[in-house]
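For reference, query25.txt (compact mmCIF, C-alpha atoms):
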```
# COMPACT_ATOMS: atom_id res chain seq x y z
CA MET A 1 86.09 131.98 135.87
CA ALA A 2 87.39 129.12 133.82
CA TYR A 3 89.94 129.77 131.12
CA SER A 4 89.64 127.89 127.85
CA GLU A 5 92.23 125.24 127.05
CA LYS A 6 93.76 127.44 124.37
CA VAL A 7 94.22 130.30 126.81
CA ILE A 8 95.86 127.98 129.32
CA ASP A 9 98.13 126.53 126.63
CA HIS A 10 99.33 129.99 125.55
CA TYR A 11 99.62 131.08 129.15
CA GLU A 12 101.69 128.09 130.20
CA ASN A 13 103.73 127.92 126.99
CA PRO A 14 103.75 131.45 125.66
CA ARG A 15 105.17 131.70 122.15
CA ASN A 16 107.65 134.37 121.15
CA VAL A 17 108.35 135.97 124.52
CA GLY A 18 111.21 138.42 124.35
CA SER A 19 112.47 141.59 122.76
CA PHE A 20 114.15 142.99 119.68
CA GLU A 21 116.42 145.98 119.64
CA LYS A 22 114.03 148.90 119.61
CA ALA A 23 116.37 151.14 117.63
CA ASP A 24 116.78 148.56 114.83
CA ASN A 25 115.34 149.98 111.63
CA SER A 26 113.61 146.73 110.71
CA VAL A 27 111.77 146.62 114.05
CA GLY A 28 108.42 148.16 114.91
CA THR A 29 107.47 148.44 118.59
CA GLY A 30 103.96 148.78 119.98
CA MET A 31 103.50 149.71 123.63
CA VAL A 32 99.96 149.73 124.98
CA GLY A 33 98.31 149.48 128.36
CA ALA A 34 94.88 148.97 129.88
CA PRO A 35 94.52 151.22 132.91
CA ALA A 36 91.46 149.51 134.35
CA CYS A 37 93.34 146.27 134.96
CA GLY A 38 96.86 147.69 134.85
CA ASP A 39 97.99 145.41 132.02
CA VAL A 40 101.04 146.46 130.04
CA MET A 41 101.82 144.95 126.64
CA LYS A 42 104.88 145.36 124.43
CA LEU A 43 104.67 143.83 120.98
CA GLN A 44 107.47 143.96 118.42
CA ILE A 45 107.66 142.98 114.79
CA LYS A 46 110.72 142.40 112.62
CA VAL A 47 109.99 143.30 109.04
CA ASN A 48 112.02 142.40 105.93
CA GLU A 49 112.52 144.58 102.87
CA GLN A 50 109.46 143.13 101.16
CA GLY A 51 107.29 144.38 104.04
CA ILE A 52 106.77 140.86 105.39
CA ILE A 53 106.86 140.24 109.12
CA GLU A 54 109.63 137.71 109.64
CA ASP A 55 109.46 137.48 113.38
CA ALA A 56 107.47 138.85 116.29
CA LYS A 57 108.04 139.05 120.03
CA PHE A 58 106.04 140.21 123.01
CA LYS A 59 106.27 140.91 126.68
CA THR A 60 103.04 141.26 128.61
CA TYR A 61 102.33 141.89 132.25
CA GLY A 62 98.70 141.05 132.81
CA CYS A 63 96.17 138.31 133.21
CA GLY A 64 96.16 134.96 131.42
CA SER A 65 93.90 136.24 128.66
CA ALA A 66 96.16 139.20 127.93
CA ILE A 67 99.21 136.95 127.75
CA ALA A 68 97.38 134.43 125.54
CA SER A 69 96.09 137.19 123.23
CA SER A 70 99.55 138.62 122.69
CA SER A 71 101.12 135.18 122.31
CA LEU A 72 98.54 134.20 119.70
CA ILE A 73 98.84 137.40 117.70
CA THR A 74 102.64 137.08 117.48
CA GLU A 75 102.09 133.65 115.93
CA TRP A 76 99.51 134.95 113.51
CA VAL A 77 101.45 137.92 112.18
CA LYS A 78 104.53 135.95 111.17
CA GLY A 79 104.67 135.68 107.39
CA LYS A 80 102.01 138.36 106.95
CA THR A 81 102.56 141.75 105.34
CA ILE A 82 102.36 144.69 107.71
CA ASP A 83 99.06 145.73 106.17
CA GLU A 84 97.60 142.27 106.66
CA ALA A 85 98.81 142.30 110.26
CA GLN A 86 97.17 145.63 110.81
CA SER A 87 93.82 144.31 109.68
CA ILE A 88 93.65 141.55 112.31
CA LYS A 89 90.56 142.11 114.41
CA ASN A 90 90.24 141.53 118.11
CA THR A 91 87.11 139.47 117.48
CA GLN A 92 89.23 136.87 115.65
CA ILE A 93 91.50 136.58 118.68
CA ALA A 94 88.59 136.46 121.11
CA GLU A 95 86.95 133.75 119.05
CA GLU A 96 90.08 131.63 118.68
CA LEU A 97 90.76 131.78 122.43
CA ALA A 98 87.07 131.54 123.38
CA LEU A 99 87.43 134.58 125.63
CA PRO A 100 84.47 135.33 127.89
CA PRO A 101 82.84 138.79 127.55
CA VAL A 102 84.72 140.23 130.55
CA LYS A 103 88.03 139.39 128.89
CA ILE A 104 87.29 140.78 125.43
CA HIS A 105 89.31 143.89 126.26
CA CYS A 106 92.44 141.71 126.42
CA SER A 107 92.03 140.90 122.73
CA VAL A 108 91.37 144.58 122.00
CA LEU A 109 94.66 145.36 123.70
CA ALA A 110 96.49 142.86 121.47
CA GLU A 111 94.89 144.39 118.35
CA ASP A 112 95.89 147.86 119.50
CA ALA A 113 99.42 146.62 120.19
CA ILE A 114 99.96 145.22 116.70
CA LYS A 115 98.51 148.41 115.17
CA ALA A 116 100.90 150.48 117.28
CA ALA A 117 103.84 148.28 116.23
CA VAL A 118 103.00 148.64 112.53
CA LYS A 119 102.56 152.37 112.97
CA ASP A 120 105.95 152.62 114.67
CA TYR A 121 107.54 150.69 111.80
CA LYS A 122 105.84 152.87 109.19
CA ASP A 123 106.83 156.04 111.04
CA LYS A 124 110.44 154.89 111.01
CA HIS A 125 110.26 154.42 107.25
CA GLY A 126 108.39 157.60 106.49
CA GLN A 127 105.31 155.75 105.24
CA MET B 1 60.41 168.65 149.21
CA THR B 2 62.83 165.88 148.46
CA LYS B 3 66.46 166.69 148.80
CA ALA B 4 68.68 165.91 145.84
CA GLN B 5 70.98 162.96 146.41
CA GLN B 6 74.13 164.05 148.22
CA ASN B 7 77.41 163.29 146.53
CA TYR B 8 80.08 161.24 148.33
CA PHE B 9 81.95 164.32 149.48
CA GLU B 10 78.82 165.98 150.85
CA ILE B 11 77.93 162.85 152.79
CA PHE B 12 81.10 163.42 154.79
CA GLY B 13 80.69 167.19 154.91
CA LEU B 14 83.62 167.74 152.58
CA GLU B 15 84.32 170.07 149.69
CA PRO B 16 84.82 168.12 146.45
CA ASN B 17 88.63 168.13 146.38
CA PHE B 18 91.18 165.47 145.61
CA SER B 19 93.18 166.04 148.80
CA ILE B 20 91.63 164.09 151.61
CA ASP B 21 92.79 163.23 155.12
CA VAL B 22 91.98 159.51 155.04
CA PRO B 23 92.50 158.77 158.77
CA LYS B 24 90.18 161.68 159.57
CA LEU B 25 87.66 160.43 157.03
CA SER B 26 87.82 157.03 158.62
CA SER B 27 86.98 158.33 162.12
CA LYS B 28 84.17 160.38 160.63
CA LEU B 29 82.84 157.24 158.99
CA ARG B 30 82.78 155.45 162.33
CA ALA B 31 80.90 158.30 163.96
CA LEU B 32 78.37 158.49 161.15
CA LEU B 33 77.91 154.72 161.01
CA ASN B 34 77.30 154.72 164.72
CA SER B 35 74.62 157.39 164.42
CA VAL B 36 72.66 155.44 161.82
CA HIS B 37 73.29 151.95 163.17
CA PRO B 38 70.23 149.68 162.70
CA ASP B 39 70.43 148.64 166.36
CA ARG B 40 69.46 152.17 167.31
CA PHE B 41 66.21 151.71 165.48
CA ALA B 42 65.42 148.24 166.77
CA SER B 43 62.23 149.52 168.37
CA SER B 44 61.36 151.91 165.56
CA GLY B 45 59.14 151.07 162.64
CA SER B 46 60.39 148.97 159.74
CA GLN B 47 60.57 152.01 157.52
CA GLN B 48 62.99 153.66 159.90
CA GLN B 49 65.06 150.49 160.03
CA MET B 50 65.16 150.24 156.27
CA LEU B 51 66.30 153.84 156.08
CA SER B 52 69.10 153.20 158.53
CA MET B 53 70.28 150.24 156.50
CA GLN B 54 70.26 152.27 153.30
CA LYS B 55 72.23 155.01 155.01
CA THR B 56 74.80 152.49 156.25
CA THR B 57 75.29 151.09 152.76
CA GLN B 58 75.59 154.56 151.30
CA LEU B 59 78.24 155.55 153.85
CA ASN B 60 80.28 152.43 153.19
CA ASP B 61 80.05 152.92 149.43
CA ALA B 62 81.13 156.53 149.71
CA PHE B 63 84.03 155.66 151.97
CA ALA B 64 85.26 152.89 149.68
CA VAL B 65 85.49 155.39 146.82
CA LEU B 66 86.97 158.30 148.75
CA LYS B 67 89.69 156.37 150.53
CA ASN B 68 91.06 154.95 147.27
CA PRO B 69 93.02 157.60 145.34
CA VAL B 70 92.24 156.12 141.92
CA LYS B 71 88.51 155.77 142.58
CA ARG B 72 88.39 159.18 144.26
CA ALA B 73 90.03 160.84 141.25
CA GLN B 74 87.68 159.06 138.83
CA TYR B 75 84.66 159.98 140.91
CA LEU B 76 85.71 163.59 141.25
CA LEU B 77 86.43 163.97 137.53
CA HIS B 78 83.04 162.48 136.75
CA LEU B 79 81.35 164.74 139.28
CA LYS B 80 82.96 167.87 137.88
CA THR B 81 82.98 167.12 134.14
CA GLY B 82 80.85 164.06 133.47
CA ILE B 83 83.86 162.25 132.01
CA ASP B 84 83.85 158.52 132.75
CA THR B 85 87.35 157.02 132.99
CA SER B 86 86.29 153.73 134.53
CA LYS B 87 85.56 151.99 131.22
CA GLU B 88 88.06 149.71 129.54
CA HIS B 89 90.24 151.61 127.15
CA THR B 90 93.70 151.38 125.68
CA VAL B 91 96.41 153.83 126.54
CA ASN B 92 99.10 154.64 124.01
CA ASP B 93 101.87 156.40 125.89
CA PRO B 94 105.09 154.56 124.97
CA GLU B 95 107.47 156.36 127.29
CA PHE B 96 105.36 155.97 130.40
CA LEU B 97 104.37 152.39 129.58
CA MET B 98 107.98 151.41 128.94
CA GLN B 99 108.81 152.70 132.40
CA GLN B 100 105.94 150.65 133.84
CA LEU B 101 107.13 147.56 131.98
CA GLU B 102 110.61 148.03 133.42
CA LEU B 103 109.19 148.38 136.92
CA ARG B 104 107.27 145.12 136.49
CA GLU B 105 110.44 143.44 135.22
CA GLU B 106 112.31 144.71 138.26
CA LEU B 107 109.59 143.34 140.50
CA GLU B 108 109.72 140.01 138.71
CA ASP B 109 113.49 139.77 139.28
CA ILE B 110 113.16 140.70 142.95
CA SER B 111 110.37 138.16 143.46
CA ALA B 112 112.51 135.49 141.84
CA SER B 113 115.40 136.27 144.17
CA SER B 114 113.06 136.10 147.21
CA ASP B 115 114.86 139.04 148.79
CA ILE B 116 112.40 140.64 151.17
CA SER B 117 114.53 143.69 151.98
CA GLN B 118 114.93 144.41 148.28
CA LEU B 119 111.20 144.01 147.86
CA ASN B 120 110.59 146.51 150.66
CA GLN B 121 112.94 148.99 149.02
CA PHE B 122 111.13 148.56 145.76
CA ALA B 123 107.78 149.08 147.51
CA ASP B 124 109.11 152.34 148.98
CA LYS B 125 110.19 153.47 145.52
CA ILE B 126 106.77 152.83 144.00
CA SER B 127 105.00 154.45 146.96
CA GLU B 128 107.10 157.54 146.40
CA LEU B 129 106.20 157.60 142.72
CA GLU B 130 102.57 157.25 143.67
CA GLU B 131 102.79 160.08 146.16
CA VAL B 132 104.26 162.37 143.51
CA GLN B 133 101.45 161.35 141.17
CA GLU B 134 98.83 162.05 143.84
CA GLN B 135 100.37 165.44 144.53
CA GLN B 136 100.17 166.27 140.85
CA MET B 137 96.58 165.07 140.76
CA ALA B 138 95.64 167.36 143.65
CA GLU B 139 97.17 170.33 141.85
CA LEU B 140 95.42 169.49 138.58
CA PHE B 141 92.06 169.35 140.34
CA LEU B 142 92.62 172.85 141.74
CA GLN B 143 93.17 174.38 138.30
CA LYS B 144 90.50 176.51 136.74
CA PRO B 145 89.38 175.60 134.20
CA LEU B 146 90.19 171.92 134.62
CA ASP B 147 92.64 170.45 132.12
CA THR B 148 90.65 167.29 131.44
CA ASP B 149 93.29 165.76 129.13
CA GLU B 150 95.98 166.05 131.77
CA LEU B 151 93.60 164.78 134.44
CA GLN B 152 92.76 161.68 132.46
CA LYS B 153 96.45 161.05 131.92
CA ALA B 154 97.17 161.53 135.62
CA ILE B 155 94.41 159.06 136.45
CA TYR B 156 95.73 156.29 134.24
CA LYS B 157 99.25 156.85 135.53
CA LEU B 158 97.97 156.41 139.05
CA GLN B 159 96.10 153.27 137.98
CA PHE B 160 99.27 151.62 136.66
CA LEU B 161 101.25 152.56 139.76
CA HIS B 162 98.45 151.23 141.91
CA LYS B 163 98.53 147.96 140.02
CA THR B 164 102.26 147.64 140.62
CA LEU B 165 101.69 148.28 144.32
CA SER B 166 99.10 145.52 144.51
CA ASP B 167 101.51 143.19 142.65
CA ILE B 168 104.11 144.03 145.29
CA GLU B 169 101.66 143.10 148.04
CA GLN B 170 101.02 139.78 146.35
CA ALA B 171 104.75 139.17 146.05
CA GLU B 172 105.15 139.98 149.75
CA ASP B 173 102.40 137.55 150.68
CA LYS B 174 104.09 134.85 148.65
CA LEU B 175 107.49 135.48 150.21
CA LEU B 176 106.13 135.55 153.74
CA SER B 177 103.86 132.56 153.46
```

For the file at hand, write its structure as structure tokens.
Amino acid sequence: MAYSEKVIDHYENPRNVGSFEKADNSVGTGMVGAPACGDVMKLQIKVNEQGIIEDAKFKTYGCGSAIASSSLITEWVKGKTIDEAQSIKNTQIAEELALPPVKIHCSVLAEDAIKAAVKDYKDKHGQ
Amino acid sequence: MTKAQQNYFEIFGLEPNFSIDVPKLSSKLRALLNSVHPDRFASSGSQQQMLSMQKTTQLNDAFAVLKNPVKRAQYLLHLKTGIDTSKEHTVNDPEFLMQQLELREELEDISASSDISQLNQFADKISELEEVQEQQMAELFLQKPLDTDELQKAIYKLQFLHKTLSDIEQAEDKLLS
């Protein structure tokens, strides 16, 4: 299966790889996994007092499409409010990266990861 | 009267349980394959030959599922409850997934250091974790009634451990090549 150029670009030069301190109050952490392929994805957002995502980081163990999906979504969420970030759809990711049907679940995983990160942040702040 | 299709366990004359003696199953497979081998029916009619080929395929399919703990657990759960765990889905279990992420990080570090003895130690550690998980799976499948939530959890845990084991094998191949 051939990967699209965008997938290869994100795979070879992943943006925003790394971690924030999980216990930091301004950080929301999303941990999700896809059992069928064994992919594990950690996505973190750093949110300012206005509810804007200032920075995002990820660490993904999985295929090229999973890495590209998480790399792309960390780029997209920066500067967005947490609610805007939460409304990103996997189909937007799949379209941007031109993912083939068998790799759609990688974009679903990235969507689920950002949702989990926002939820973690909201839970921390009693929202 | 046509006989209902046998399930994979019945094909091997087994009760549908998670615990399986794989070496024993493997010798049984050889015996059964031998008894239906197409060569035995070389002089028989084409229908008989077709049947023998179907039987061979069926035996190989059944064995491929039963020898693999993840596939066996998924098959057994489906057989007993109709629940299908083979579809793509997302798991949200932060504590367990964080542990898996750390294991992958550890593997990444070991691979980078090209230390084969460390890699072997790591492989032993994961195999132990997998054995514990398989033990738990066997116990869960013996419960009555079945705790389907716990079983589904146990299956995905086994899937992630299995993935780490196959990553270890790949790392070994790379180091040894």

Within 6 Å of chain B, which residues of chain A are there when counting only C-alpha atoms? Please give them as a count of residues only.
7

Would you kindly return, as a list in words, each protein, DNA or RNA residue with an atom no farther than 12 Å from any atom of Leu32 (chain B), considering all atoms listed in the file and excluding same-chain residues fewer than 2 positions away?
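These residues fall inside the cut-off: Ile11, Phe12, Gly13, Leu25, Ser26, Ser27, Lys28, Leu29, Arg30, Asn34, Ser35, Val36, His37, Ser52, Lys55, Thr56, Thr57, Gln58, Leu59, Asn60, Ala62 and Phe63 of chain B.
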
File dump, residues just selected, C-alpha atoms, as a PDB file, keeping the file's coordinate frame:
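What follows is the written file out-v5.pdb:
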```
ATOM      1  CA  ILE B  11      77.930 162.850 152.790  1.00  0.00           C
ATOM      2  CA  PHE B  12      81.100 163.420 154.790  1.00  0.00           C
ATOM      3  CA  GLY B  13      80.690 167.190 154.910  1.00  0.00           C
ATOM      4  CA  LEU B  25      87.660 160.430 157.030  1.00  0.00           C
ATOM      5  CA  SER B  26      87.820 157.030 158.620  1.00  0.00           C
ATOM      6  CA  SER B  27      86.980 158.330 162.120  1.00  0.00           C
ATOM      7  CA  LYS B  28      84.170 160.380 160.630  1.00  0.00           C
ATOM      8  CA  LEU B  29      82.840 157.240 158.990  1.00  0.00           C
ATOM      9  CA  ARG B  30      82.780 155.450 162.330  1.00  0.00           C
ATOM     10  CA  ASN B  34      77.300 154.720 164.720  1.00  0.00           C
ATOM     11  CA  SER B  35      74.620 157.390 164.420  1.00  0.00           C
ATOM     12  CA  VAL B  36      72.660 155.440 161.820  1.00  0.00           C
ATOM     13  CA  HIS B  37      73.290 151.950 163.170  1.00  0.00           C
ATOM     14  CA  SER B  52      69.100 153.200 158.530  1.00  0.00           C
ATOM     15  CA  LYS B  55      72.230 155.010 155.010  1.00  0.00           C
ATOM     16  CA  THR B  56      74.800 152.490 156.250  1.00  0.00           C
ATOM     17  CA  THR B  57      75.290 151.090 152.760  1.00  0.00           C
ATOM     18  CA  GLN B  58      75.590 154.560 151.300  1.00  0.00           C
ATOM     19  CA  LEU B  59      78.240 155.550 153.850  1.00  0.00           C
ATOM     20  CA  ASN B  60      80.280 152.430 153.190  1.00  0.00           C
ATOM     21  CA  ALA B  62      81.130 156.530 149.710  1.00  0.00           C
ATOM     22  CA  PHE B  63      84.030 155.660 151.970  1.00  0.00           C
TER      23      PHE B  63
END
```

note - CA of Asn13 (chain A) and CA of Val27 (chain A) are separated by 24.1 Å

Just give me the gap between CA of Glu21 (chain A) and CA of Ala116 (chain A) in Å, one decimal is fine.
16.3 Å

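The coordinates place CA of Gln74 (chain B) at 12.2 Å from CA of Pro16 (chain B).
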
Could you give me, as a list in words, the residues within 8 Å of region 81-93 of chain A, counting only C-alpha atoms and dropping anything in the same chain fewer than 3 positions from it?
Val47, Gly51, Ile52, Ile53, Ser69, Leu72, Ile73, Val77, Glu96, Leu97, Ile104, Ser107, Val108, Ala110, Glu111, Ile114, Lys115 and Val118 of chain A

If we count only C-alpha atoms and set the cut-off at 9 Å, which residues sit around Gln44 (chain A), ignoring sequence neighbours fewer than 3 positions away in its own chain? Please answer as a list in words.
Gly18, Ser19, Phe20, Lys22, Val27, Gly28, Thr29, Gly30, Met31, Asp55, Ala56, Lys57, Phe58, Lys59, Thr74, Ala113, Ile114, Ala117 and Val118 of chain A

Using only C-alpha atoms, which of B:Phe41, B:Phe122, B:Phe141, B:Tyr8 sits nearest Leu77 (chain B)?
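Closest to Leu77 (chain B), using only C-alpha atoms: B:Phe141.
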
With only C-alpha atoms as the basis for distance, which of A:Gly126, A:Gly79, A:Gly62, A:Pro14 is at the shortest distance from Asn48 (chain A)?
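When distances to Asn48 (chain A) are compared using only C-alpha atoms, the smallest one comes from A:Gly79.
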
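For Leu176 (chain B), the set of protein, DNA and RNA residues having any atom at most 10 Å away, when counting all atoms listed in the file and skipping those fewer than 6 positions along the same chain, is B:Ser114, B:Ile116, B:Gln170.
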
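Counting only C-alpha atoms and comparing A:Ser65, A:Thr60, A:Glu95, A:Asn25, the residue that lies closest to Lys122 (chain A) is A:Asn25.
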
Would you mind listing what lies within 12 Å of Ala73 (chain B) as a ChimeraX atom specification, with all atoms listed in the file counted and same-chain residues fewer than 6 positions away left out?
/B:16-20,65-67,79-81,83-86,133-141,148,151-159
